[in-house]
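Enquirer: You'll find work00.txt just under this line, and it carries compact mmCIF, N, CA and C atoms.
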# COMPACT_ATOMS: atom_id res chain seq x y z
N GLY O 1 9.05 9.47 -2.56
CA GLY O 1 10.17 8.73 -2.07
C GLY O 1 10.38 7.45 -2.83
N GLN O 2 11.57 6.97 -2.68
CA GLN O 2 11.97 5.73 -3.36
C GLN O 2 11.67 4.53 -2.47
N CYS O 3 11.26 3.44 -3.06
CA CYS O 3 10.99 2.21 -2.32
C CYS O 3 12.29 1.60 -1.83
N ALA O 4 12.25 1.06 -0.63
CA ALA O 4 13.42 0.39 -0.08
C ALA O 4 13.55 -0.99 -0.72
N SER O 5 14.77 -1.47 -0.84
CA SER O 5 15.00 -2.83 -1.35
C SER O 5 14.68 -3.83 -0.25
N VAL O 6 14.56 -5.09 -0.61
CA VAL O 6 14.31 -6.14 0.38
C VAL O 6 15.47 -6.20 1.36
N GLU O 7 16.67 -6.02 0.85
CA GLU O 7 17.85 -6.05 1.72
C GLU O 7 17.81 -4.91 2.74
N GLU O 8 17.37 -3.71 2.29
CA GLU O 8 17.26 -2.58 3.21
C GLU O 8 16.18 -2.82 4.27
N LEU O 9 15.07 -3.39 3.86
CA LEU O 9 14.00 -3.71 4.81
C LEU O 9 14.48 -4.75 5.82
N ASP O 10 15.26 -5.72 5.35
CA ASP O 10 15.80 -6.75 6.23
C ASP O 10 16.71 -6.12 7.29
N LEU O 11 17.60 -5.22 6.87
CA LEU O 11 18.49 -4.54 7.81
C LEU O 11 17.70 -3.70 8.81
N GLU O 12 16.66 -3.02 8.33
CA GLU O 12 15.83 -2.21 9.21
C GLU O 12 15.14 -3.07 10.25
N LEU O 13 14.63 -4.22 9.84
CA LEU O 13 13.96 -5.13 10.77
C LEU O 13 14.95 -5.67 11.80
N GLN O 14 16.17 -5.97 11.37
CA GLN O 14 17.18 -6.49 12.29
C GLN O 14 17.55 -5.49 13.37
N SER O 15 17.42 -4.20 13.08
CA SER O 15 17.80 -3.17 14.06
C SER O 15 16.59 -2.53 14.75
N PHE O 16 15.38 -2.96 14.42
CA PHE O 16 14.17 -2.41 15.03
C PHE O 16 14.05 -2.97 16.44
N LEU O 17 14.25 -2.12 17.44
CA LEU O 17 14.36 -2.58 18.83
C LEU O 17 13.18 -3.40 19.33
N PRO O 18 11.92 -3.04 19.04
CA PRO O 18 10.81 -3.91 19.49
C PRO O 18 10.91 -5.32 18.90
N ASN O 19 11.38 -5.44 17.66
CA ASN O 19 11.56 -6.76 17.05
C ASN O 19 12.68 -7.52 17.74
N VAL O 20 13.79 -6.85 17.98
CA VAL O 20 14.93 -7.48 18.65
C VAL O 20 14.50 -8.00 20.03
N ALA O 21 13.75 -7.18 20.76
CA ALA O 21 13.29 -7.59 22.09
C ALA O 21 12.32 -8.78 22.01
N ALA O 22 11.39 -8.72 21.05
CA ALA O 22 10.40 -9.81 20.91
C ALA O 22 11.07 -11.12 20.54
N VAL O 23 12.01 -11.07 19.61
CA VAL O 23 12.73 -12.29 19.21
C VAL O 23 13.51 -12.84 20.40
N GLY O 24 14.11 -11.96 21.19
CA GLY O 24 14.82 -12.40 22.38
C GLY O 24 13.91 -13.09 23.38
N ARG O 25 12.72 -12.52 23.58
CA ARG O 25 11.76 -13.14 24.51
C ARG O 25 11.32 -14.52 24.02
N LEU O 26 11.07 -14.64 22.73
CA LEU O 26 10.66 -15.94 22.18
C LEU O 26 11.77 -16.98 22.35
N LYS O 27 12.99 -16.56 22.12
CA LYS O 27 14.12 -17.48 22.26
C LYS O 27 14.28 -17.91 23.71
N GLU O 28 14.16 -16.94 24.63
CA GLU O 28 14.31 -17.24 26.06
C GLU O 28 13.18 -18.12 26.58
N ALA O 29 11.95 -17.78 26.21
CA ALA O 29 10.79 -18.49 26.75
C ALA O 29 10.58 -19.86 26.11
N TYR O 30 10.84 -19.96 24.79
CA TYR O 30 10.47 -21.19 24.08
C TYR O 30 11.64 -21.86 23.37
N GLY O 31 12.81 -21.26 23.43
CA GLY O 31 13.97 -21.85 22.75
C GLY O 31 13.92 -21.72 21.24
N LEU O 32 13.07 -20.82 20.74
CA LEU O 32 12.97 -20.64 19.29
C LEU O 32 14.18 -19.90 18.77
N ASP O 33 14.76 -20.43 17.73
CA ASP O 33 15.92 -19.78 17.12
C ASP O 33 15.47 -19.09 15.84
N HIS O 34 14.84 -17.94 16.03
CA HIS O 34 14.29 -17.19 14.91
C HIS O 34 15.24 -16.06 14.55
N PRO O 35 15.48 -15.83 13.25
CA PRO O 35 16.38 -14.74 12.87
C PRO O 35 15.76 -13.38 13.19
N LEU O 36 16.61 -12.39 13.37
CA LEU O 36 16.11 -11.04 13.64
C LEU O 36 15.48 -10.42 12.40
N GLY O 37 15.98 -10.73 11.25
CA GLY O 37 15.48 -10.14 10.02
C GLY O 37 14.49 -11.04 9.32
N LEU O 38 14.40 -10.86 8.02
CA LEU O 38 13.51 -11.67 7.20
C LEU O 38 14.09 -13.06 7.01
N ALA O 39 13.22 -14.04 6.82
CA ALA O 39 13.67 -15.40 6.55
C ALA O 39 14.45 -15.42 5.24
N LYS O 40 15.48 -16.24 5.20
CA LYS O 40 16.30 -16.36 4.00
C LYS O 40 16.12 -17.75 3.41
N PRO O 41 16.14 -17.89 2.12
CA PRO O 41 16.20 -16.81 1.14
C PRO O 41 14.94 -15.96 1.21
N PHE O 42 15.04 -14.73 0.74
CA PHE O 42 13.91 -13.81 0.82
C PHE O 42 12.69 -14.43 0.15
N GLY O 43 11.55 -14.30 0.82
CA GLY O 43 10.31 -14.87 0.33
C GLY O 43 9.95 -16.18 1.01
N LYS O 44 10.87 -16.75 1.75
CA LYS O 44 10.63 -18.03 2.41
C LYS O 44 9.61 -17.87 3.53
N ILE O 45 8.68 -18.80 3.59
CA ILE O 45 7.70 -18.86 4.68
C ILE O 45 8.08 -20.09 5.51
N ASP O 46 8.57 -19.85 6.72
CA ASP O 46 9.14 -20.91 7.54
C ASP O 46 8.17 -22.03 7.89
N THR O 47 6.88 -21.73 7.95
CA THR O 47 5.92 -22.73 8.41
C THR O 47 5.45 -23.70 7.32
N LEU O 48 5.73 -23.43 6.05
CA LEU O 48 5.21 -24.30 4.99
C LEU O 48 5.70 -25.74 5.11
N PRO O 49 6.96 -25.99 5.44
CA PRO O 49 7.38 -27.38 5.59
C PRO O 49 6.75 -28.10 6.79
N LEU O 50 6.14 -27.36 7.69
CA LEU O 50 5.53 -27.98 8.87
C LEU O 50 4.18 -28.61 8.57
N SER O 51 3.55 -28.23 7.46
CA SER O 51 2.25 -28.81 7.11
C SER O 51 2.45 -30.01 6.20
N ARG O 52 1.50 -30.91 6.21
CA ARG O 52 1.58 -32.07 5.32
C ARG O 52 1.41 -31.66 3.87
N LEU O 53 0.60 -30.62 3.66
CA LEU O 53 0.27 -30.18 2.31
C LEU O 53 -0.13 -28.72 2.36
N THR O 54 0.38 -27.94 1.43
CA THR O 54 0.00 -26.54 1.32
C THR O 54 -0.82 -26.36 0.06
N LEU O 55 -2.08 -25.92 0.21
CA LEU O 55 -2.94 -25.66 -0.94
C LEU O 55 -2.61 -24.29 -1.51
N VAL O 56 -2.37 -24.25 -2.82
CA VAL O 56 -2.04 -23.01 -3.50
C VAL O 56 -3.19 -22.71 -4.45
N THR O 57 -3.85 -21.56 -4.24
CA THR O 57 -5.05 -21.25 -5.00
C THR O 57 -4.74 -20.53 -6.31
N THR O 58 -3.87 -21.14 -7.07
CA THR O 58 -3.59 -20.77 -8.45
C THR O 58 -3.09 -22.03 -9.13
N THR O 59 -2.78 -21.95 -10.40
CA THR O 59 -2.20 -23.10 -11.08
C THR O 59 -0.69 -22.97 -11.01
N GLU O 60 0.00 -24.07 -11.21
CA GLU O 60 1.46 -24.04 -11.14
C GLU O 60 2.04 -23.09 -12.19
N ASP O 61 1.40 -23.05 -13.36
CA ASP O 61 1.87 -22.17 -14.43
C ASP O 61 1.72 -20.69 -14.09
N LEU O 62 0.74 -20.35 -13.24
CA LEU O 62 0.47 -18.95 -12.92
C LEU O 62 1.03 -18.50 -11.58
N GLN O 63 1.74 -19.40 -10.90
CA GLN O 63 2.28 -19.02 -9.59
C GLN O 63 3.33 -17.91 -9.74
N ASP O 64 3.52 -17.17 -8.67
CA ASP O 64 4.60 -16.18 -8.66
C ASP O 64 5.92 -16.93 -8.83
N PRO O 65 6.85 -16.37 -9.56
CA PRO O 65 8.11 -17.07 -9.78
C PRO O 65 8.90 -17.24 -8.47
N LEU O 66 9.51 -18.41 -8.32
CA LEU O 66 10.37 -18.69 -7.18
C LEU O 66 11.81 -18.68 -7.66
N SER O 67 12.71 -18.15 -6.86
CA SER O 67 14.12 -18.26 -7.21
C SER O 67 14.52 -19.72 -7.12
N LEU O 68 15.56 -20.10 -7.82
CA LEU O 68 16.04 -21.49 -7.74
C LEU O 68 16.43 -21.84 -6.32
N GLU O 69 17.02 -20.88 -5.61
CA GLU O 69 17.42 -21.11 -4.22
C GLU O 69 16.20 -21.38 -3.34
N LEU O 70 15.15 -20.58 -3.49
CA LEU O 70 13.95 -20.76 -2.67
C LEU O 70 13.26 -22.08 -3.01
N ALA O 71 13.18 -22.42 -4.29
CA ALA O 71 12.58 -23.69 -4.69
C ALA O 71 13.35 -24.86 -4.09
N GLU O 72 14.67 -24.78 -4.07
CA GLU O 72 15.49 -25.86 -3.51
C GLU O 72 15.32 -25.95 -2.00
N VAL O 73 15.22 -24.82 -1.32
CA VAL O 73 15.00 -24.83 0.13
C VAL O 73 13.68 -25.51 0.45
N TYR O 74 12.63 -25.18 -0.27
CA TYR O 74 11.33 -25.82 -0.04
C TYR O 74 11.41 -27.32 -0.34
N LYS O 75 12.05 -27.68 -1.43
CA LYS O 75 12.16 -29.09 -1.80
C LYS O 75 12.94 -29.87 -0.74
N SER O 76 14.09 -29.34 -0.33
CA SER O 76 14.92 -30.06 0.64
C SER O 76 14.30 -30.12 2.03
N SER O 77 13.39 -29.18 2.33
CA SER O 77 12.75 -29.17 3.65
C SER O 77 11.49 -30.04 3.67
N GLY O 78 11.10 -30.58 2.51
CA GLY O 78 9.94 -31.46 2.46
C GLY O 78 8.61 -30.75 2.28
N ALA O 79 8.64 -29.47 1.94
CA ALA O 79 7.38 -28.74 1.71
C ALA O 79 6.67 -29.34 0.49
N VAL O 80 5.37 -29.58 0.63
CA VAL O 80 4.58 -30.17 -0.45
C VAL O 80 3.48 -29.18 -0.82
N PHE O 81 3.38 -28.88 -2.11
CA PHE O 81 2.39 -27.92 -2.59
C PHE O 81 1.40 -28.62 -3.53
N ALA O 82 0.14 -28.29 -3.39
CA ALA O 82 -0.90 -28.76 -4.30
C ALA O 82 -1.52 -27.53 -4.94
N TYR O 83 -1.33 -27.40 -6.25
CA TYR O 83 -1.88 -26.26 -6.99
C TYR O 83 -3.30 -26.60 -7.39
N VAL O 84 -4.27 -26.02 -6.68
CA VAL O 84 -5.67 -26.40 -6.83
C VAL O 84 -6.47 -25.42 -7.68
N GLY O 85 -5.85 -24.34 -8.12
CA GLY O 85 -6.58 -23.35 -8.89
C GLY O 85 -7.47 -22.53 -7.98
N PRO O 86 -8.20 -21.59 -8.57
CA PRO O 86 -9.07 -20.75 -7.74
C PRO O 86 -10.19 -21.58 -7.13
N LEU O 87 -10.46 -21.32 -5.89
CA LEU O 87 -11.52 -22.03 -5.19
C LEU O 87 -12.78 -21.18 -5.24
N LEU O 88 -13.61 -21.47 -6.25
CA LEU O 88 -14.85 -20.70 -6.42
C LEU O 88 -15.85 -21.15 -5.37
N ASP O 89 -16.49 -20.19 -4.80
CA ASP O 89 -17.43 -20.47 -3.73
C ASP O 89 -18.46 -19.35 -3.73
N CYS O 90 -19.39 -19.44 -2.85
CA CYS O 90 -20.37 -18.37 -2.72
C CYS O 90 -20.43 -17.94 -1.27
N PRO O 91 -20.84 -16.73 -1.00
CA PRO O 91 -20.93 -16.27 0.39
C PRO O 91 -21.82 -17.20 1.19
N GLY O 92 -21.37 -17.53 2.38
CA GLY O 92 -22.14 -18.37 3.26
C GLY O 92 -21.79 -19.84 3.20
N ALA O 93 -20.94 -20.23 2.25
CA ALA O 93 -20.54 -21.64 2.18
C ALA O 93 -19.76 -22.00 3.43
N LEU O 94 -19.92 -23.23 3.90
CA LEU O 94 -19.22 -23.67 5.10
C LEU O 94 -17.76 -23.94 4.76
N ARG O 95 -16.88 -23.34 5.52
CA ARG O 95 -15.44 -23.53 5.33
C ARG O 95 -14.77 -23.30 6.68
N ALA O 96 -13.47 -23.25 6.68
CA ALA O 96 -12.73 -23.17 7.95
C ALA O 96 -13.04 -21.90 8.72
N GLY O 97 -13.39 -20.83 8.04
CA GLY O 97 -13.65 -19.57 8.73
C GLY O 97 -15.10 -19.46 9.17
N THR O 98 -15.55 -18.24 9.35
CA THR O 98 -16.93 -18.02 9.75
C THR O 98 -17.83 -18.06 8.52
N HIS O 99 -19.11 -18.13 8.72
CA HIS O 99 -20.03 -18.18 7.58
C HIS O 99 -21.32 -17.44 7.91
N LYS O 100 -22.03 -17.09 6.85
CA LYS O 100 -23.33 -16.45 6.96
C LYS O 100 -24.29 -17.16 6.02
N ASP O 101 -25.57 -17.07 6.28
CA ASP O 101 -26.57 -17.63 5.39
C ASP O 101 -27.05 -16.52 4.47
N HIS O 102 -26.82 -16.70 3.17
CA HIS O 102 -27.22 -15.68 2.20
C HIS O 102 -28.42 -16.12 1.35
N GLY O 103 -29.11 -17.14 1.77
CA GLY O 103 -30.34 -17.52 1.10
C GLY O 103 -30.16 -18.49 -0.03
N PRO O 104 -31.30 -18.86 -0.67
CA PRO O 104 -31.32 -19.92 -1.68
C PRO O 104 -30.63 -19.53 -3.00
N ASP O 105 -30.39 -18.24 -3.24
CA ASP O 105 -29.79 -17.87 -4.52
C ASP O 105 -28.29 -18.15 -4.56
N CYS O 106 -27.73 -18.62 -3.47
CA CYS O 106 -26.29 -18.90 -3.42
C CYS O 106 -25.88 -19.94 -4.47
N ALA O 107 -26.65 -21.01 -4.59
CA ALA O 107 -26.31 -22.06 -5.54
C ALA O 107 -26.32 -21.54 -6.97
N SER O 108 -27.29 -20.69 -7.30
CA SER O 108 -27.34 -20.16 -8.67
C SER O 108 -26.16 -19.22 -8.92
N LYS O 109 -25.73 -18.47 -7.91
CA LYS O 109 -24.55 -17.62 -8.06
C LYS O 109 -23.31 -18.48 -8.29
N LEU O 110 -23.20 -19.58 -7.56
CA LEU O 110 -22.06 -20.46 -7.73
C LEU O 110 -22.06 -21.07 -9.12
N ARG O 111 -23.23 -21.55 -9.60
CA ARG O 111 -23.32 -22.12 -10.95
C ARG O 111 -22.91 -21.08 -11.98
N SER O 112 -23.38 -19.85 -11.81
CA SER O 112 -23.04 -18.78 -12.73
C SER O 112 -21.52 -18.55 -12.73
N GLY O 113 -20.90 -18.57 -11.55
CA GLY O 113 -19.45 -18.40 -11.45
C GLY O 113 -18.70 -19.53 -12.12
N LEU O 114 -19.21 -20.75 -11.97
CA LEU O 114 -18.57 -21.91 -12.61
C LEU O 114 -18.70 -21.83 -14.12
N GLU O 115 -19.85 -21.34 -14.61
CA GLU O 115 -20.03 -21.19 -16.05
C GLU O 115 -19.02 -20.20 -16.60
N VAL O 116 -18.79 -19.10 -15.90
CA VAL O 116 -17.78 -18.12 -16.33
C VAL O 116 -16.41 -18.78 -16.34
N SER O 117 -16.11 -19.53 -15.29
CA SER O 117 -14.82 -20.21 -15.20
C SER O 117 -14.64 -21.19 -16.37
N ASP O 118 -15.70 -21.95 -16.69
CA ASP O 118 -15.64 -22.89 -17.82
C ASP O 118 -15.38 -22.17 -19.13
N ARG O 119 -16.04 -21.02 -19.32
CA ARG O 119 -15.84 -20.25 -20.55
C ARG O 119 -14.41 -19.73 -20.64
N VAL O 120 -13.84 -19.31 -19.51
CA VAL O 120 -12.47 -18.82 -19.51
C VAL O 120 -11.52 -19.97 -19.84
N LYS O 121 -11.74 -21.13 -19.23
CA LYS O 121 -10.88 -22.28 -19.47
C LYS O 121 -10.92 -22.73 -20.92
N SER O 122 -12.09 -22.61 -21.57
CA SER O 122 -12.22 -23.10 -22.93
C SER O 122 -11.88 -22.05 -23.98
N SER O 123 -11.58 -20.82 -23.53
CA SER O 123 -11.30 -19.77 -24.49
C SER O 123 -9.96 -20.01 -25.19
N ASP O 124 -9.80 -19.41 -26.34
CA ASP O 124 -8.57 -19.53 -27.11
C ASP O 124 -7.55 -18.55 -26.54
N ASN O 125 -6.52 -19.08 -25.92
CA ASN O 125 -5.49 -18.24 -25.30
C ASN O 125 -4.25 -18.10 -26.18
N SER O 126 -4.36 -18.48 -27.45
CA SER O 126 -3.18 -18.46 -28.31
C SER O 126 -2.69 -17.04 -28.57
N SER O 127 -3.54 -16.04 -28.39
CA SER O 127 -3.11 -14.66 -28.62
C SER O 127 -2.49 -14.02 -27.39
N CYS O 128 -2.47 -14.76 -26.28
CA CYS O 128 -1.90 -14.21 -25.05
C CYS O 128 -0.38 -14.19 -25.13
N THR O 129 0.20 -13.15 -24.58
CA THR O 129 1.65 -13.06 -24.51
C THR O 129 2.06 -12.85 -23.08
N ASN O 130 3.26 -13.24 -22.75
CA ASN O 130 3.77 -13.08 -21.38
C ASN O 130 4.42 -11.74 -21.23
Write the structure described by the file as C-alpha cells, please.

Expert:
Amino acid sequence: GQCASVEELDLELQSFLPNVAAVGRLKEAYGLDHPLGLAKPFGKIDTLPLSRLTLVTTTEDLQDPLSLELAEVYKSSGAVFAYVGPLLDCPGALRAGTHKDHGPDCASKLRSGLEVSDRVKSSDNSSCTN
C-alpha cells in the first residue's frame, strides 16, 4: 500500500470519532480549545512555547529541517531551543527518569564513549556531502 500524506492523516484524525469525542470532553471539562486534527503548521508541538527552554539533543546544523512557517510560529510564540548535542551517558546515571546501578565500570564506559565522540569531532569531514 501507499503511504498516506500528512494532509490525509490530518483529515482522518479530524473524522475519527473517538478523537472527536475526546477533544469535546477536554473542551467541556477544561475549556481547552484543541483542534480536531494535527497542530498547524504540520510538525508543530504545542507545548514547546510553554517551557522556558527546550533542550535539543543534536546540533543546530544537524536538526531536522523546519519549514519557514513553523520556524516563525515557534519564534513568535517565544519558544526557546538550546542545541546541546548528544547527551552521552552510561546506564545507571542519575537523571530525570529511573536508574539502575551497573557497577564501577560505568565511568570507564563513559570515558570510552567520550573518547569516541572526541575522535568523531576531530575527524576530517571535508569529504562529507549532503

Enquirer: Excluding same-chain residues fewer than 6 positions from Pro41 of chain O, what lies within 8 Å of it counting all atoms listed in the file, as a ChimeraX atom specification?

Expert: /O:69-70,73

Enquirer: For Asp61 of chain O, which of O:Tyr83, O:Ile45, O:Val23, O:Gly37 is the closest residue, counting all atoms listed in the file?

Expert: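 So, comparing all the options, the nearest one is O:Tyr83.
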
Enquirer: What residues have an atom no more than 8 Å from (-8.0, -22.0, -6.4) in the file's own frame, counting all atoms listed in the file, and can you write them as a CSV table (one decimal) with N, CA and C atoms, in the coordinates of the input?

Expert:
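Final output, saved to out_9.csv:
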chain,number,residue,atom,x,y,z
O,55,LEU,N,-2.1,-25.9,0.2
O,55,LEU,CA,-2.9,-25.7,-0.9
O,55,LEU,C,-2.6,-24.3,-1.5
O,56,VAL,N,-2.4,-24.2,-2.8
O,56,VAL,CA,-2.0,-23.0,-3.5
O,56,VAL,C,-3.2,-22.7,-4.4
O,57,THR,N,-3.8,-21.6,-4.2
O,57,THR,CA,-5.0,-21.2,-5.0
O,57,THR,C,-4.7,-20.5,-6.3
O,58,THR,N,-3.9,-21.1,-7.1
O,58,THR,CA,-3.6,-20.8,-8.4
O,58,THR,C,-3.1,-22.0,-9.1
O,59,THR,N,-2.8,-22.0,-10.4
O,59,THR,CA,-2.2,-23.1,-11.1
O,59,THR,C,-0.7,-23.0,-11.0
O,83,TYR,N,-1.3,-27.4,-6.2
O,83,TYR,CA,-1.9,-26.3,-7.0
O,83,TYR,C,-3.3,-26.6,-7.4
O,84,VAL,N,-4.3,-26.0,-6.7
O,84,VAL,CA,-5.7,-26.4,-6.8
O,84,VAL,C,-6.5,-25.4,-7.7
O,85,GLY,N,-5.8,-24.3,-8.1
O,85,GLY,CA,-6.6,-23.4,-8.9
O,85,GLY,C,-7.5,-22.5,-8.0
O,86,PRO,N,-8.2,-21.6,-8.6
O,86,PRO,CA,-9.1,-20.8,-7.7
O,86,PRO,C,-10.2,-21.6,-7.1
O,87,LEU,N,-10.5,-21.3,-5.9
O,87,LEU,CA,-11.5,-22.0,-5.2
O,87,LEU,C,-12.8,-21.2,-5.2
O,88,LEU,N,-13.6,-21.5,-6.2
O,88,LEU,CA,-14.8,-20.7,-6.4
O,88,LEU,C,-15.8,-21.2,-5.4

Enquirer: Would you please extract all helix (DSSP H, G or I) residues from segment 8-92 of chain O, as assigned by DSSP on the backbone, and give them as an mmCIF file with N, CA and C atoms, keeping the file's coordinate frame?

Expert:
data_model
loop_
_atom_site.group_PDB
_atom_site.id
_atom_site.type_symbol
_atom_site.label_atom_id
_atom_site.label_comp_id
_atom_site.auth_asym_id
_atom_site.auth_seq_id
_atom_site.Cartn_x
_atom_site.Cartn_y
_atom_site.Cartn_z
ATOM 1 N N GLU O 8 17.370 -3.710 2.290
ATOM 2 C CA GLU O 8 17.260 -2.580 3.210
ATOM 3 C C GLU O 8 16.180 -2.820 4.270
ATOM 4 N N LEU O 9 15.070 -3.390 3.860
ATOM 5 C CA LEU O 9 14.000 -3.710 4.810
ATOM 6 C C LEU O 9 14.480 -4.750 5.820
ATOM 7 N N ASP O 10 15.260 -5.720 5.350
ATOM 8 C CA ASP O 10 15.800 -6.750 6.230
ATOM 9 C C ASP O 10 16.710 -6.120 7.290
ATOM 10 N N LEU O 11 17.600 -5.220 6.870
ATOM 11 C CA LEU O 11 18.490 -4.540 7.810
ATOM 12 C C LEU O 11 17.700 -3.700 8.810
ATOM 13 N N GLU O 12 16.660 -3.020 8.330
ATOM 14 C CA GLU O 12 15.830 -2.210 9.210
ATOM 15 C C GLU O 12 15.140 -3.070 10.250
ATOM 16 N N LEU O 13 14.630 -4.220 9.840
ATOM 17 C CA LEU O 13 13.960 -5.130 10.770
ATOM 18 C C LEU O 13 14.950 -5.670 11.800
ATOM 19 N N GLN O 14 16.170 -5.970 11.370
ATOM 20 C CA GLN O 14 17.180 -6.490 12.290
ATOM 21 C C GLN O 14 17.550 -5.490 13.370
ATOM 22 N N SER O 15 17.420 -4.200 13.080
ATOM 23 C CA SER O 15 17.800 -3.170 14.060
ATOM 24 C C SER O 15 16.590 -2.530 14.750
ATOM 25 N N LEU O 17 14.250 -2.120 17.440
ATOM 26 C CA LEU O 17 14.360 -2.580 18.830
ATOM 27 C C LEU O 17 13.180 -3.400 19.330
ATOM 28 N N PRO O 18 11.920 -3.040 19.040
ATOM 29 C CA PRO O 18 10.810 -3.910 19.490
ATOM 30 C C PRO O 18 10.910 -5.320 18.900
ATOM 31 N N ASN O 19 11.380 -5.440 17.660
ATOM 32 C CA ASN O 19 11.560 -6.760 17.050
ATOM 33 C C ASN O 19 12.680 -7.520 17.740
ATOM 34 N N VAL O 20 13.790 -6.850 17.980
ATOM 35 C CA VAL O 20 14.930 -7.480 18.650
ATOM 36 C C VAL O 20 14.500 -8.000 20.030
ATOM 37 N N ALA O 21 13.750 -7.180 20.760
ATOM 38 C CA ALA O 21 13.290 -7.590 22.090
ATOM 39 C C ALA O 21 12.320 -8.780 22.010
ATOM 40 N N ALA O 22 11.390 -8.720 21.050
ATOM 41 C CA ALA O 22 10.400 -9.810 20.910
ATOM 42 C C ALA O 22 11.070 -11.120 20.540
ATOM 43 N N VAL O 23 12.010 -11.070 19.610
ATOM 44 C CA VAL O 23 12.730 -12.290 19.210
ATOM 45 C C VAL O 23 13.510 -12.840 20.400
ATOM 46 N N GLY O 24 14.110 -11.960 21.190
ATOM 47 C CA GLY O 24 14.820 -12.400 22.380
ATOM 48 C C GLY O 24 13.910 -13.090 23.380
ATOM 49 N N ARG O 25 12.720 -12.520 23.580
ATOM 50 C CA ARG O 25 11.760 -13.140 24.510
ATOM 51 C C ARG O 25 11.320 -14.520 24.020
ATOM 52 N N LEU O 26 11.070 -14.640 22.730
ATOM 53 C CA LEU O 26 10.660 -15.940 22.180
ATOM 54 C C LEU O 26 11.770 -16.980 22.350
ATOM 55 N N LYS O 27 12.990 -16.560 22.120
ATOM 56 C CA LYS O 27 14.120 -17.480 22.260
ATOM 57 C C LYS O 27 14.280 -17.910 23.710
ATOM 58 N N GLU O 28 14.160 -16.940 24.630
ATOM 59 C CA GLU O 28 14.310 -17.240 26.060
ATOM 60 C C GLU O 28 13.180 -18.120 26.580
ATOM 61 N N ALA O 29 11.950 -17.780 26.210
ATOM 62 C CA ALA O 29 10.790 -18.490 26.750
ATOM 63 C C ALA O 29 10.580 -19.860 26.110
ATOM 64 N N TYR O 30 10.840 -19.960 24.790
ATOM 65 C CA TYR O 30 10.470 -21.190 24.080
ATOM 66 C C TYR O 30 11.640 -21.860 23.370
ATOM 67 N N LEU O 48 5.730 -23.430 6.050
ATOM 68 C CA LEU O 48 5.210 -24.300 4.990
ATOM 69 C C LEU O 48 5.700 -25.740 5.110
ATOM 70 N N PRO O 49 6.960 -25.990 5.440
ATOM 71 C CA PRO O 49 7.380 -27.380 5.590
ATOM 72 C C PRO O 49 6.750 -28.100 6.790
ATOM 73 N N LEU O 50 6.140 -27.360 7.690
ATOM 74 C CA LEU O 50 5.530 -27.980 8.870
ATOM 75 C C LEU O 50 4.180 -28.610 8.570
ATOM 76 N N GLU O 60 0.000 -24.070 -11.210
ATOM 77 C CA GLU O 60 1.460 -24.040 -11.140
ATOM 78 C C GLU O 60 2.040 -23.090 -12.190
ATOM 79 N N ASP O 61 1.400 -23.050 -13.360
ATOM 80 C CA ASP O 61 1.870 -22.170 -14.430
ATOM 81 C C ASP O 61 1.720 -20.690 -14.090
ATOM 82 N N LEU O 62 0.740 -20.350 -13.240
ATOM 83 C CA LEU O 62 0.470 -18.950 -12.920
ATOM 84 C C LEU O 62 1.030 -18.500 -11.580
ATOM 85 N N LEU O 68 15.560 -20.100 -7.820
ATOM 86 C CA LEU O 68 16.040 -21.490 -7.740
ATOM 87 C C LEU O 68 16.430 -21.840 -6.320
ATOM 88 N N GLU O 69 17.020 -20.880 -5.610
ATOM 89 C CA GLU O 69 17.420 -21.110 -4.220
ATOM 90 C C GLU O 69 16.200 -21.380 -3.340
ATOM 91 N N LEU O 70 15.150 -20.580 -3.490
ATOM 92 C CA LEU O 70 13.950 -20.760 -2.670
ATOM 93 C C LEU O 70 13.260 -22.080 -3.010
ATOM 94 N N ALA O 71 13.180 -22.420 -4.290
ATOM 95 C CA ALA O 71 12.580 -23.690 -4.690
ATOM 96 C C ALA O 71 13.350 -24.860 -4.090
ATOM 97 N N GLU O 72 14.670 -24.780 -4.070
ATOM 98 C CA GLU O 72 15.490 -25.860 -3.510
ATOM 99 C C GLU O 72 15.320 -25.950 -2.000
ATOM 100 N N VAL O 73 15.220 -24.820 -1.320
ATOM 101 C CA VAL O 73 15.000 -24.830 0.130
ATOM 102 C C VAL O 73 13.680 -25.510 0.450
ATOM 103 N N TYR O 74 12.630 -25.180 -0.270
ATOM 104 C CA TYR O 74 11.330 -25.820 -0.040
ATOM 105 C C TYR O 74 11.410 -27.320 -0.340
ATOM 106 N N LYS O 75 12.050 -27.680 -1.430
ATOM 107 C CA LYS O 75 12.160 -29.090 -1.800
ATOM 108 C C LYS O 75 12.940 -29.870 -0.740
ATOM 109 N N SER O 76 14.090 -29.340 -0.330
ATOM 110 C CA SER O 76 14.920 -30.060 0.640
ATOM 111 C C SER O 76 14.300 -30.120 2.030
ATOM 112 N N SER O 77 13.390 -29.180 2.330
ATOM 113 C CA SER O 77 12.750 -29.170 3.650
ATOM 114 C C SER O 77 11.490 -30.040 3.670
#

Enquirer: Pick out the closest residue to Val6 of chain O from this set: O:Phe42, O:Lys27, O:Leu32, O:Val80. Count all atoms listed in the file.

Expert: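 Among the listed residues, the smallest separation from Val6 of chain O belongs to O:Phe42.
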
Enquirer: Produce the centre coordinates and the three edge lengths, each in Å to one decimal, of the box along x, y and z that contains all listed atoms of segment 77-80 of chain O with 8 Å added on each side, as lines of an AutoDock Vina configuration file.

Expert:
center_x = 8.4
center_y = -30.1
center_z = 1.4
size_x = 25.9
size_y = 18.7
size_z = 20.5

Enquirer: List the neighbours of Gln14 of chain O out to 5 Å using all atoms listed in the file; skip same-chain residues closer than 2 positions along the sequence, and give me the result as a list in words.

Expert: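 In the requested format, the answer is Asp10, Leu11, Glu12, Phe16, Leu36 and Gly37 of chain O.
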
Enquirer: Those selected residues, please, written with N, CA and C atoms and delivered as a short mmCIF file (atom, residue, chain, number, x, y, z; two decimals), in the coordinates of the input.

Expert:
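Final output, saved to part_23.cif:
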data_model
loop_
_atom_site.label_atom_id
_atom_site.label_comp_id
_atom_site.auth_asym_id
_atom_site.auth_seq_id
_atom_site.Cartn_x
_atom_site.Cartn_y
_atom_site.Cartn_z
N ASP O 10 15.26 -5.72 5.35
CA ASP O 10 15.80 -6.75 6.23
C ASP O 10 16.71 -6.12 7.29
N LEU O 11 17.60 -5.22 6.87
CA LEU O 11 18.49 -4.54 7.81
C LEU O 11 17.70 -3.70 8.81
N GLU O 12 16.66 -3.02 8.33
CA GLU O 12 15.83 -2.21 9.21
C GLU O 12 15.14 -3.07 10.25
N PHE O 16 15.38 -2.96 14.42
CA PHE O 16 14.17 -2.41 15.03
C PHE O 16 14.05 -2.97 16.44
N LEU O 36 16.61 -12.39 13.37
CA LEU O 36 16.11 -11.04 13.64
C LEU O 36 15.48 -10.42 12.40
N GLY O 37 15.98 -10.73 11.25
CA GLY O 37 15.48 -10.14 10.02
C GLY O 37 14.49 -11.04 9.32
#
